$ cat coords.cif   # mmCIF, C-alpha atoms (C1' of nucleotides)
data_run
#
loop_
_atom_site.label_atom_id
_atom_site.label_comp_id
_atom_site.auth_asym_id
_atom_site.auth_seq_id
_atom_site.Cartn_x
_atom_site.Cartn_y
_atom_site.Cartn_z
CA MET D 145 -25.43 -8.29 -3.77
CA THR D 146 -23.30 -6.36 -6.13
CA VAL D 147 -24.69 -5.37 -9.48
CA THR D 148 -22.93 -7.51 -12.00
CA ASN D 149 -24.96 -6.85 -15.12
CA SER D 150 -24.78 -10.44 -16.12
CA GLU D 151 -26.56 -9.93 -19.41
CA GLY D 152 -23.50 -8.54 -21.12
CA GLU D 153 -24.61 -4.92 -20.98
CA ARG D 154 -21.96 -3.69 -18.62
CA PRO D 155 -20.77 -0.13 -18.87
CA THR D 156 -17.57 -1.10 -20.65
CA GLY D 157 -18.80 -4.22 -22.32
CA ARG D 158 -16.18 -6.50 -20.77
CA GLY D 159 -13.20 -6.70 -18.52
CA PRO D 160 -12.56 -5.18 -15.13
CA ARG D 161 -14.42 -1.99 -16.08
CA LEU D 162 -11.65 0.10 -14.65
CA VAL D 163 -13.09 3.38 -15.87
CA TYR D 164 -16.38 2.67 -14.21
CA LEU D 165 -14.83 1.41 -11.00
CA LEU D 166 -12.52 4.39 -10.82
CA ASN D 167 -15.46 6.71 -11.09
CA VAL D 168 -17.52 4.90 -8.51
CA ALA D 169 -14.68 4.55 -6.02
CA GLN D 170 -13.85 8.22 -6.28
CA ARG D 171 -17.44 9.26 -5.65
CA ARG D 172 -17.78 6.93 -2.70
CA VAL D 173 -14.63 8.26 -1.07
CA GLN D 174 -15.77 11.80 -1.68
CA ALA D 175 -19.12 11.03 -0.07
CA ALA D 176 -17.39 9.33 2.86
CA ILE D 177 -15.38 12.47 3.57
CA GLN D 178 -18.54 14.55 3.42
CA GLY D 179 -20.13 12.30 5.99
CA GLU D 180 -17.29 12.73 8.48
CA GLY D 181 -17.40 16.25 9.80
CA GLU D 182 -20.16 18.79 9.43
CA GLY D 183 -19.15 21.37 6.87
CA THR D 184 -16.28 19.24 5.64
CA THR D 185 -16.02 18.24 2.03
CA ALA D 186 -13.19 16.53 0.23
CA ALA D 187 -12.28 19.59 -1.79
CA ARG D 188 -12.30 21.88 1.22
CA ALA D 189 -10.28 19.48 3.31
CA GLY D 190 -7.74 19.31 0.51
CA LEU D 191 -7.54 23.07 0.33
CA LEU D 192 -7.10 23.44 4.07
CA MET D 193 -4.30 20.91 4.09
CA ALA D 194 -2.60 22.42 1.07
CA VAL D 195 -2.82 25.94 2.44
CA GLY D 196 -1.15 24.87 5.65
CA GLU D 197 -0.56 26.84 8.80
CA ARG D 198 1.57 29.40 7.05
CA GLY D 199 -0.75 30.03 4.13
CA ALA D 200 0.04 29.59 0.46
CA ALA D 201 -0.06 31.51 -2.79
CA MET D 202 -2.96 30.70 -5.08
CA ALA D 203 -0.52 30.02 -7.87
CA GLN D 204 0.99 27.26 -5.75
CA LEU D 205 -2.31 25.74 -4.71
CA GLY D 206 -3.48 24.96 -8.22
CA PRO D 207 -0.66 22.54 -8.98
CA MET D 208 -0.75 21.14 -5.45
CA LEU D 209 -4.41 20.21 -5.71
CA ASP D 210 -4.38 19.62 -9.43
CA LEU D 211 -7.07 22.22 -9.92
CA GLY D 212 -7.46 24.75 -12.68
CA ALA D 213 -7.70 28.42 -11.83
CA PRO D 214 -11.51 28.63 -12.09
CA ALA D 215 -12.05 25.62 -9.85
CA LEU D 216 -9.61 26.92 -7.29
CA SER D 217 -11.14 30.37 -7.37
CA GLY D 218 -14.59 28.97 -6.70
CA LEU D 219 -13.36 26.62 -4.00
CA ILE D 220 -11.71 29.50 -2.19
CA ASP D 221 -14.87 31.56 -2.54
CA ARG D 222 -16.89 28.84 -0.86
CA CYS D 223 -14.30 28.32 1.85
CA MET D 224 -14.29 32.06 2.48
CA LYS D 225 -18.05 32.06 2.73
CA ALA D 226 -17.73 29.22 5.22
CA GLY D 227 -15.26 31.28 7.22
CA LEU D 228 -12.35 28.88 6.77
CA VAL D 229 -9.88 30.98 4.80
CA GLU D 230 -9.11 34.54 3.80
CA ARG D 231 -7.54 36.10 0.73
CA ARG D 232 -4.56 38.42 1.23
CA PRO D 233 -3.08 40.50 -1.53
CA ASP D 234 0.52 39.80 -2.46
CA PRO D 235 2.39 43.01 -1.65
CA GLY D 236 4.98 42.18 -4.27
CA ASP D 237 2.61 41.30 -7.15
CA GLY D 238 -0.67 43.04 -7.78
CA ARG D 239 -2.08 40.02 -9.59
CA ALA D 240 -1.30 37.41 -6.98
CA TRP D 241 -3.09 36.44 -3.79
CA PHE D 242 -2.20 34.49 -0.71
CA VAL D 243 -4.65 32.25 1.04
CA VAL D 244 -4.45 32.00 4.80
CA LEU D 245 -6.45 30.03 7.34
CA THR D 246 -8.83 31.66 9.76
CA GLU D 247 -9.06 30.41 13.30
CA ALA D 248 -11.95 28.16 12.30
CA GLY D 249 -9.92 27.05 9.30
CA ARG D 250 -7.04 26.01 11.53
CA LYS D 251 -9.33 23.88 13.62
CA ALA D 252 -10.97 22.39 10.56
CA ARG D 253 -7.54 21.64 9.13
CA VAL D 254 -6.59 19.61 12.16
CA GLN D 255 -9.77 17.61 11.85
CA ALA D 256 -9.21 17.19 8.14
CA ILE D 257 -5.74 15.78 8.71
CA GLU D 258 -7.11 13.43 11.32
CA GLY D 259 -9.86 12.34 8.96
CA ALA D 260 -7.42 11.83 6.12
CA ARG D 261 -5.30 9.58 8.28
CA ALA D 262 -8.25 7.46 9.31
CA LEU D 263 -9.57 7.33 5.77
CA ASN D 264 -6.23 6.29 4.38
CA ALA D 265 -6.00 3.52 6.93
CA ARG D 266 -9.40 2.29 5.90
CA LEU D 267 -8.43 2.42 2.25
CA ILE D 268 -5.36 0.26 2.56
CA GLU D 269 -6.84 -2.17 5.06
CA GLY D 270 -6.68 -5.73 3.85
CA PHE D 271 -4.17 -5.01 1.12
CA THR D 272 -0.48 -5.77 1.19
CA ASP D 273 2.10 -3.04 0.86
CA ASN D 274 2.88 -4.37 -2.59
CA GLU D 275 -0.71 -4.14 -3.64
CA VAL D 276 -1.12 -0.64 -2.28
CA GLU D 277 2.06 0.34 -4.02
CA ALA D 278 0.74 -1.08 -7.29
CA VAL D 279 -2.50 0.83 -6.87
CA ALA D 280 -0.65 4.07 -6.20
CA ARG D 281 1.62 3.47 -9.14
CA TRP D 282 -1.35 2.79 -11.37
CA LEU D 283 -3.15 5.93 -10.27
CA GLU D 284 -0.03 7.96 -10.90
CA ALA D 285 0.35 6.38 -14.32
CA VAL D 286 -3.21 7.29 -15.19
CA ARG D 287 -2.57 10.85 -14.13
CA ASP D 288 0.60 11.03 -16.15
CA ARG D 289 -0.84 9.35 -19.24
CA PHE D 290 -3.69 11.82 -19.44
CA PRO D 291 -2.13 15.19 -18.72
CA ARG D 292 -4.19 18.34 -18.61
CA GLU D 293 -4.42 20.21 -21.89
CA LYS D 294 -2.32 23.06 -20.57
CA ASP D 295 0.49 20.85 -19.35
CA ARG D 296 0.70 18.93 -22.59
CA MET H 95 8.24 17.24 -13.00
CA THR H 96 5.52 16.03 -10.77
CA VAL H 97 4.38 18.20 -7.93
CA THR H 98 5.69 16.55 -4.81
CA ASN H 99 5.07 19.25 -2.23
CA SER H 100 8.40 18.58 -0.66
CA GLU H 101 7.79 20.88 2.27
CA GLY H 102 5.54 18.41 4.00
CA GLU H 103 2.32 20.18 3.07
CA ARG H 104 0.90 17.46 0.84
CA PRO H 105 -2.83 17.05 0.61
CA THR H 106 -2.85 14.06 2.91
CA GLY H 107 0.16 14.90 4.95
CA ARG H 108 2.03 11.68 4.14
CA GLY H 109 1.89 8.39 2.38
CA PRO H 110 0.76 7.51 -1.07
CA ARG H 111 -2.03 10.07 -0.95
CA LEU H 112 -4.49 7.57 -2.30
CA VAL H 113 -7.49 9.83 -1.87
CA TYR H 114 -5.85 12.59 -3.80
CA LEU H 115 -4.56 10.32 -6.53
CA LEU H 116 -7.92 8.64 -6.89
CA ASN H 117 -9.53 12.00 -7.40
CA VAL H 118 -6.97 13.19 -9.91
CA ALA H 119 -6.93 9.97 -11.90
CA GLN H 120 -10.70 9.93 -12.15
CA ARG H 121 -10.82 13.51 -13.41
CA ARG H 122 -8.11 12.88 -15.94
CA VAL H 123 -9.86 9.83 -17.35
CA GLN H 124 -13.11 11.73 -17.49
CA ALA H 125 -11.42 14.54 -19.40
CA ALA H 126 -9.77 12.04 -21.73
CA ILE H 127 -13.15 10.61 -22.69
CA GLN H 128 -14.46 14.11 -23.30
CA GLY H 129 -11.58 14.75 -25.65
CA GLU H 130 -12.31 11.69 -27.76
CA GLY H 131 -15.50 12.28 -29.67
CA GLU H 132 -17.38 15.51 -30.08
CA GLY H 133 -20.45 15.45 -27.91
CA THR H 134 -19.17 12.47 -25.95
CA THR H 135 -18.78 12.62 -22.21
CA ALA H 136 -17.99 9.85 -19.79
CA ALA H 137 -21.42 9.91 -18.20
CA ARG H 138 -23.23 9.89 -21.54
CA ALA H 139 -21.08 7.11 -22.93
CA GLY H 140 -21.85 5.11 -19.81
CA LEU H 141 -25.55 5.67 -20.25
CA LEU H 142 -25.50 4.69 -23.90
CA MET H 143 -23.67 1.48 -23.12
CA ALA H 144 -25.90 0.63 -20.19
CA VAL H 145 -29.07 1.32 -22.16
CA GLY H 146 -27.97 -1.05 -24.89
CA GLU H 147 -29.58 -1.79 -28.23
CA ARG H 148 -32.76 -3.05 -26.63
CA GLY H 149 -33.24 -0.16 -24.23
CA ALA H 150 -33.50 -0.42 -20.47
CA ALA H 151 -35.76 0.58 -17.62
CA MET H 152 -34.65 3.61 -15.64
CA ALA H 153 -34.92 1.58 -12.46
CA GLN H 154 -32.27 -0.75 -13.89
CA LEU H 155 -29.97 1.98 -15.09
CA GLY H 156 -29.44 3.54 -11.69
CA PRO H 157 -27.82 0.46 -10.14
CA MET H 158 -25.96 -0.30 -13.38
CA LEU H 159 -24.29 3.10 -13.46
CA ASP H 160 -24.24 3.57 -9.71
CA LEU H 161 -26.23 6.75 -10.02
CA GLY H 162 -28.97 8.10 -7.81
CA ALA H 163 -32.34 8.91 -9.29
CA PRO H 164 -31.74 12.67 -9.59
CA ALA H 165 -28.40 12.22 -11.34
CA LEU H 166 -29.86 9.69 -13.73
CA SER H 167 -32.87 11.86 -14.44
CA GLY H 168 -30.67 14.81 -15.33
CA LEU H 169 -28.31 12.71 -17.41
CA ILE H 170 -31.20 11.36 -19.42
CA ASP H 171 -32.54 14.89 -19.86
CA ARG H 172 -29.25 16.02 -21.33
CA CYS H 173 -28.94 12.96 -23.53
CA MET H 174 -32.47 13.56 -24.77
CA LYS H 175 -31.63 17.16 -25.54
CA ALA H 176 -28.60 15.88 -27.43
CA GLY H 177 -30.87 13.57 -29.39
CA LEU H 178 -29.25 10.36 -28.16
CA VAL H 179 -32.08 8.71 -26.26
CA GLU H 180 -35.83 8.83 -25.76
CA ARG H 181 -38.11 8.11 -22.82
CA ARG H 182 -40.92 5.61 -23.33
CA PRO H 183 -43.65 5.01 -20.76
CA ASP H 184 -43.84 1.55 -19.27
CA PRO H 185 -47.25 0.20 -20.30
CA GLY H 186 -47.35 -2.01 -17.24
CA ASP H 187 -46.40 0.61 -14.63
CA GLY H 188 -47.45 4.22 -14.76
CA ARG H 189 -44.48 5.31 -12.68
CA ALA H 190 -41.76 3.60 -14.68
CA TRP H 191 -39.99 4.62 -17.87
CA PHE H 192 -37.90 2.88 -20.44
CA VAL H 193 -34.97 4.54 -22.09
CA VAL H 194 -34.25 3.66 -25.71
CA LEU H 195 -31.57 4.79 -28.11
CA THR H 196 -32.30 6.99 -31.08
CA GLU H 197 -30.53 6.37 -34.36
CA ALA H 198 -27.89 8.90 -33.38
CA GLY H 199 -27.67 7.23 -30.00
CA ARG H 200 -26.99 3.87 -31.60
CA LYS H 201 -24.13 5.31 -33.59
CA ALA H 202 -22.76 7.14 -30.57
CA ARG H 203 -22.97 3.91 -28.60
CA VAL H 204 -20.81 2.08 -31.09
CA GLN H 205 -18.24 4.83 -30.89
CA ALA H 206 -18.45 4.82 -27.11
CA ILE H 207 -17.78 1.09 -26.97
CA GLU H 208 -14.86 1.51 -29.31
CA GLY H 209 -13.51 4.37 -27.20
CA ALA H 210 -13.95 2.38 -24.00
CA ARG H 211 -11.95 -0.49 -25.45
CA ALA H 212 -9.12 1.79 -26.50
CA LEU H 213 -9.18 3.62 -23.20
CA ASN H 214 -9.10 0.41 -21.23
CA ALA H 215 -6.13 -0.78 -23.22
CA ARG H 216 -4.33 2.43 -22.45
CA LEU H 217 -5.17 2.13 -18.79
CA ILE H 218 -3.71 -1.32 -18.31
CA GLU H 219 -0.70 -0.78 -20.54
CA GLY H 220 2.54 -1.44 -18.74
CA PHE H 221 0.90 -3.29 -15.87
CA THR H 222 0.81 -7.01 -15.34
CA ASP H 223 -2.44 -8.92 -15.10
CA ASN H 224 -1.80 -9.36 -11.42
CA GLU H 225 -1.35 -5.66 -10.91
CA VAL H 226 -4.46 -4.79 -12.87
CA GLU H 227 -6.34 -7.36 -10.91
CA ALA H 228 -5.10 -5.84 -7.66
CA VAL H 229 -6.18 -2.40 -8.81
CA ALA H 230 -9.64 -3.63 -9.76
CA ARG H 231 -9.95 -5.48 -6.48
CA TRP H 232 -8.94 -2.37 -4.58
CA LEU H 233 -11.43 -0.18 -6.42
CA GLU H 234 -14.16 -2.68 -5.73
CA ALA H 235 -13.16 -2.81 -2.08
CA VAL H 236 -13.37 0.96 -1.87
CA ARG H 237 -16.80 0.88 -3.41
CA ASP H 238 -17.96 -1.82 -1.03
CA ARG H 239 -16.44 -0.24 2.06
CA PHE H 240 -18.21 3.04 1.48
CA PRO H 241 -21.71 2.09 0.41
CA ARG H 242 -24.29 4.66 -0.50
CA GLU H 243 -26.47 5.82 2.37
CA LYS H 244 -29.51 4.13 0.89
CA ASP H 245 -27.80 0.78 0.45
CA ARG H 246 -26.42 0.76 3.96
"C1'" DA O 257 -63.01 -0.55 -1.46
"C1'" DA O 258 -60.26 2.79 1.56
"C1'" DT O 259 -56.04 3.89 3.33
"C1'" DA O 260 -51.27 3.53 4.68
"C1'" DG O 261 -46.82 2.61 2.88
"C1'" DA O 262 -43.53 1.63 -0.65
"C1'" DT O 263 -41.64 2.69 -5.18
"C1'" DA O 264 -40.35 5.47 -9.58
"C1'" DG O 265 -39.18 9.85 -11.16
"C1'" DT O 266 -38.76 14.80 -10.99
"C1'" DT O 267 -37.41 19.26 -9.17
"C1'" DC O 268 -34.52 22.23 -6.47
"C1'" DG O 269 -30.50 23.94 -4.23
"C1'" DT O 270 -25.63 23.10 -3.60
"C1'" DA O 271 -20.84 21.45 -4.56
"C1'" DT O 272 -17.42 20.44 -7.73
"C1'" DG O 273 -14.76 20.99 -11.92
"C1'" DC O 274 -13.95 22.33 -16.88
"C1'" DG O 275 -13.14 25.42 -20.97
"C1'" DA O 276 -13.72 29.98 -22.98
"C1'" DA O 277 -13.42 34.60 -22.38
"C1'" DG O 278 -12.46 38.78 -19.78
"C1'" DT O 279 -9.56 41.89 -16.50
"C1'" DA O 280 -5.59 43.55 -14.42
"C1'" DA O 281 -0.86 43.63 -13.39
"C1'" DA O 282 4.00 42.32 -14.68
"C1'" DG O 283 7.78 41.98 -18.09
"C1'" DG O 284 10.42 42.59 -22.30
"C1'" DG O 285 11.60 44.80 -26.48
"C1'" DG O 286 11.73 48.86 -29.33
"C1'" DC U 258 8.50 55.36 -22.01
"C1'" DC U 259 4.96 52.81 -24.89
"C1'" DC U 260 3.23 48.41 -26.71
"C1'" DC U 261 2.77 43.52 -26.83
"C1'" DT U 262 2.88 39.25 -24.56
"C1'" DT U 263 2.56 36.64 -20.52
"C1'" DT U 264 0.79 35.65 -16.09
"C1'" DA U 265 -2.70 35.54 -12.21
"C1'" DC U 266 -7.31 35.52 -11.28
"C1'" DT U 267 -12.24 36.05 -12.06
"C1'" DT U 268 -16.58 35.36 -14.38
"C1'" DC U 269 -19.74 32.67 -17.02
"C1'" DG U 270 -22.01 28.76 -18.92
"C1'" DC U 271 -22.14 23.90 -18.78
"C1'" DA U 272 -21.82 19.00 -17.01
"C1'" DT U 273 -21.97 16.00 -13.26
"C1'" DA U 274 -23.68 14.26 -8.86
"C1'" DC U 275 -25.76 14.51 -4.19
"C1'" DG U 276 -29.53 15.01 -0.58
"C1'" DA U 277 -34.06 16.80 0.55
"C1'" DA U 278 -38.52 17.28 -0.73
"C1'" DC U 279 -42.39 16.55 -3.89
"C1'" DT U 280 -45.69 13.97 -7.20
"C1'" DA U 281 -47.71 10.07 -9.03
"C1'" DT U 282 -48.52 5.36 -9.05
"C1'" DC U 283 -48.62 0.82 -7.25
"C1'" DT U 284 -49.24 -2.66 -3.22
"C1'" DA U 285 -50.61 -4.50 0.80
"C1'" DT U 286 -53.62 -4.47 4.71
"C1'" DT U 287 -57.62 -4.04 6.79
#
$ encode --input "coords.cif" --output "structure tokens"
Amino acid sequence: MTVTNSEGERPTGRGPRLVYLLNVAQRRVQAAIQGEGEGTTAARAGLLMAVGERGAAMAQLGPMLDLGAPALSGLIDRCMKAGLVERRPDPGDGRAWFVVLTEAGRKARVQAIEGARALNARLIEGFTDNEVEAVARWLEAVRDRFPREKDR
Amino acid sequence: MTVTNSEGERPTGRGPRLVYLLNVAQRRVQAAIQGEGEGTTAARAGLLMAVGERGAAMAQLGPMLDLGAPALSGLIDRCMKAGLVERRPDPGDGRAWFVVLTEAGRKARVQAIEGARALNARLIEGFTDNEVEAVARWLEAVRDRFPREKDR
DNA sequence: AATAGATAGTTCGTATGCGAAGTAAAGGGG
DNA sequence: CCCCTTTACTTCGCATACGAACTATCTATT
């Protein structure tokens, strides 16, 4: 049975506990992605998909994945260590770097896309298009109502 | 303008990108809570609220907050270091511990509840009850469709 | 009572992400 | 051409959470 905290000591005190549910749902999805492939993680899958077959500039990847520079830098480090991507200097800008997939990264990317498709299907199962649309709209509203410091 | 990745290299490849949005929204809310009070963080506020005025057993807190034992242990450590809570041995069970609020913890809890109320209001603003209900139902479905390993 | 098994927490290593601060290259006056 | 600001990343310390493995205690079974 689900934990309902019937004694009135719920995390938020009342209501649908959206903050709590949002947190839990996100962690469960993250864990589900981990469980899929071997070395796959949600963050790495996202990077692989964002990088794409043709590679991408780091400066582009941050906004794409909604990651700050330090998080992106570390993620790329770990993906490099895992042999999924490589850094290439930007010949036109000494500060900038491209990220390109390795052969293993290309294979992992295909799997990641496949996994994302399956996961998405499982996430919308049992909900009407209207409901899914409302959920997506709500998530986007949350994102837009709480912008990152830098973007504000 | 929002990043739309118009070249077809979106994180999920197509669709509403629910996984991505869920992740972003959760991080934004978390950051928003951080920004509220001084030492406040989402996890700590959750703990303070779950512990409650009368304190709670660690074994209860895990399910309440949907945290595993290691995460809860560390969270309590940090909250102890911050002077918000204390551990008390369970007289009836040498393995078990109670967590109780300190005076500072009680004050922080009141603020946390206040912040949670305000945050919740901001989260549902502009959405109908039906939409909010659909969102909550979806988040719960996600949670229930991807149970923790242990609970499965 | 002795022992096997379950339960409650802790510790450790890893992944993820953030903000603050540092480094290096690019750009824009003067 | 030099200096100052901006931009692109990196590094560092911290918070959060997970799984694996460990310790200590309790429970049930024999």
$ resolve_selection --input "coords.cif" --expression "the PyMOL selection byres ((chain D and resi 216) around 10)" --output "PyMOL selection string"
(chain D and resi 187+191+202-203+205-206+209-215+217-222) or (chain O and resi 273) or (chain U and resi 266)
$ atom_distance --input "coords.cif" --atom1 "atom CA of D:Thr185" --atom2 "atom CA of D:Gly259"
11.0 Å
$ interface_residues --input "coords.cif" --of "chain O" --to "chain D" --cutoff "10 Å" --atoms "all atoms listed in the file" --output "list in words"
DA271, DT272, DG273, DC274, DG275, DA280, DA281 and DA282 of chain O
$ calpha_fit_rmsd --input "coords.cif" --fixed "chain D" --moving "chain H"
0.1 Å
$ atom_distance --input "coords.cif" --atom1 "atom CA of D:Glu277" --atom2 "atom CA of D:Leu166"
16.6 Å
$ atom_distance --input "coords.cif" --atom1 "atom CA of H:Gln154" --atom2 "atom CA of H:Pro183"
14.5 Å
$ resolve_selection --input "coords.cif" --expression "the PyMOL selection byres ((chain D and resi 291) around 10)" --output "PDB file with C-alpha atoms, keeping the file's coordinate frame"
ATOM      1  CA  VAL D 286      -3.210   7.290 -15.190  1.00  0.00           C
ATOM      2  CA  ARG D 287      -2.570  10.850 -14.130  1.00  0.00           C
ATOM      3  CA  ASP D 288       0.600  11.030 -16.150  1.00  0.00           C
ATOM      4  CA  ARG D 289      -0.840   9.350 -19.240  1.00  0.00           C
ATOM      5  CA  PHE D 290      -3.690  11.820 -19.440  1.00  0.00           C
ATOM      6  CA  ARG D 292      -4.190  18.340 -18.610  1.00  0.00           C
ATOM      7  CA  GLU D 293      -4.420  20.210 -21.890  1.00  0.00           C
ATOM      8  CA  LYS D 294      -2.320  23.060 -20.570  1.00  0.00           C
ATOM      9  CA  ASP D 295       0.490  20.850 -19.350  1.00  0.00           C
ATOM     10  CA  ARG D 296       0.700  18.930 -22.590  1.00  0.00           C
TER      11      ARG D 296
ATOM     12  CA  ALA H 119      -6.930   9.970 -11.900  1.00  0.00           C
ATOM     13  CA  ARG H 122      -8.110  12.880 -15.940  1.00  0.00           C
ATOM     14  CA  VAL H 123      -9.860   9.830 -17.350  1.00  0.00           C
ATOM     15  CA  ALA H 125     -11.420  14.540 -19.400  1.00  0.00           C
ATOM     16  CA  ALA H 126      -9.770  12.040 -21.730  1.00  0.00           C
TER      17      ALA H 126
END
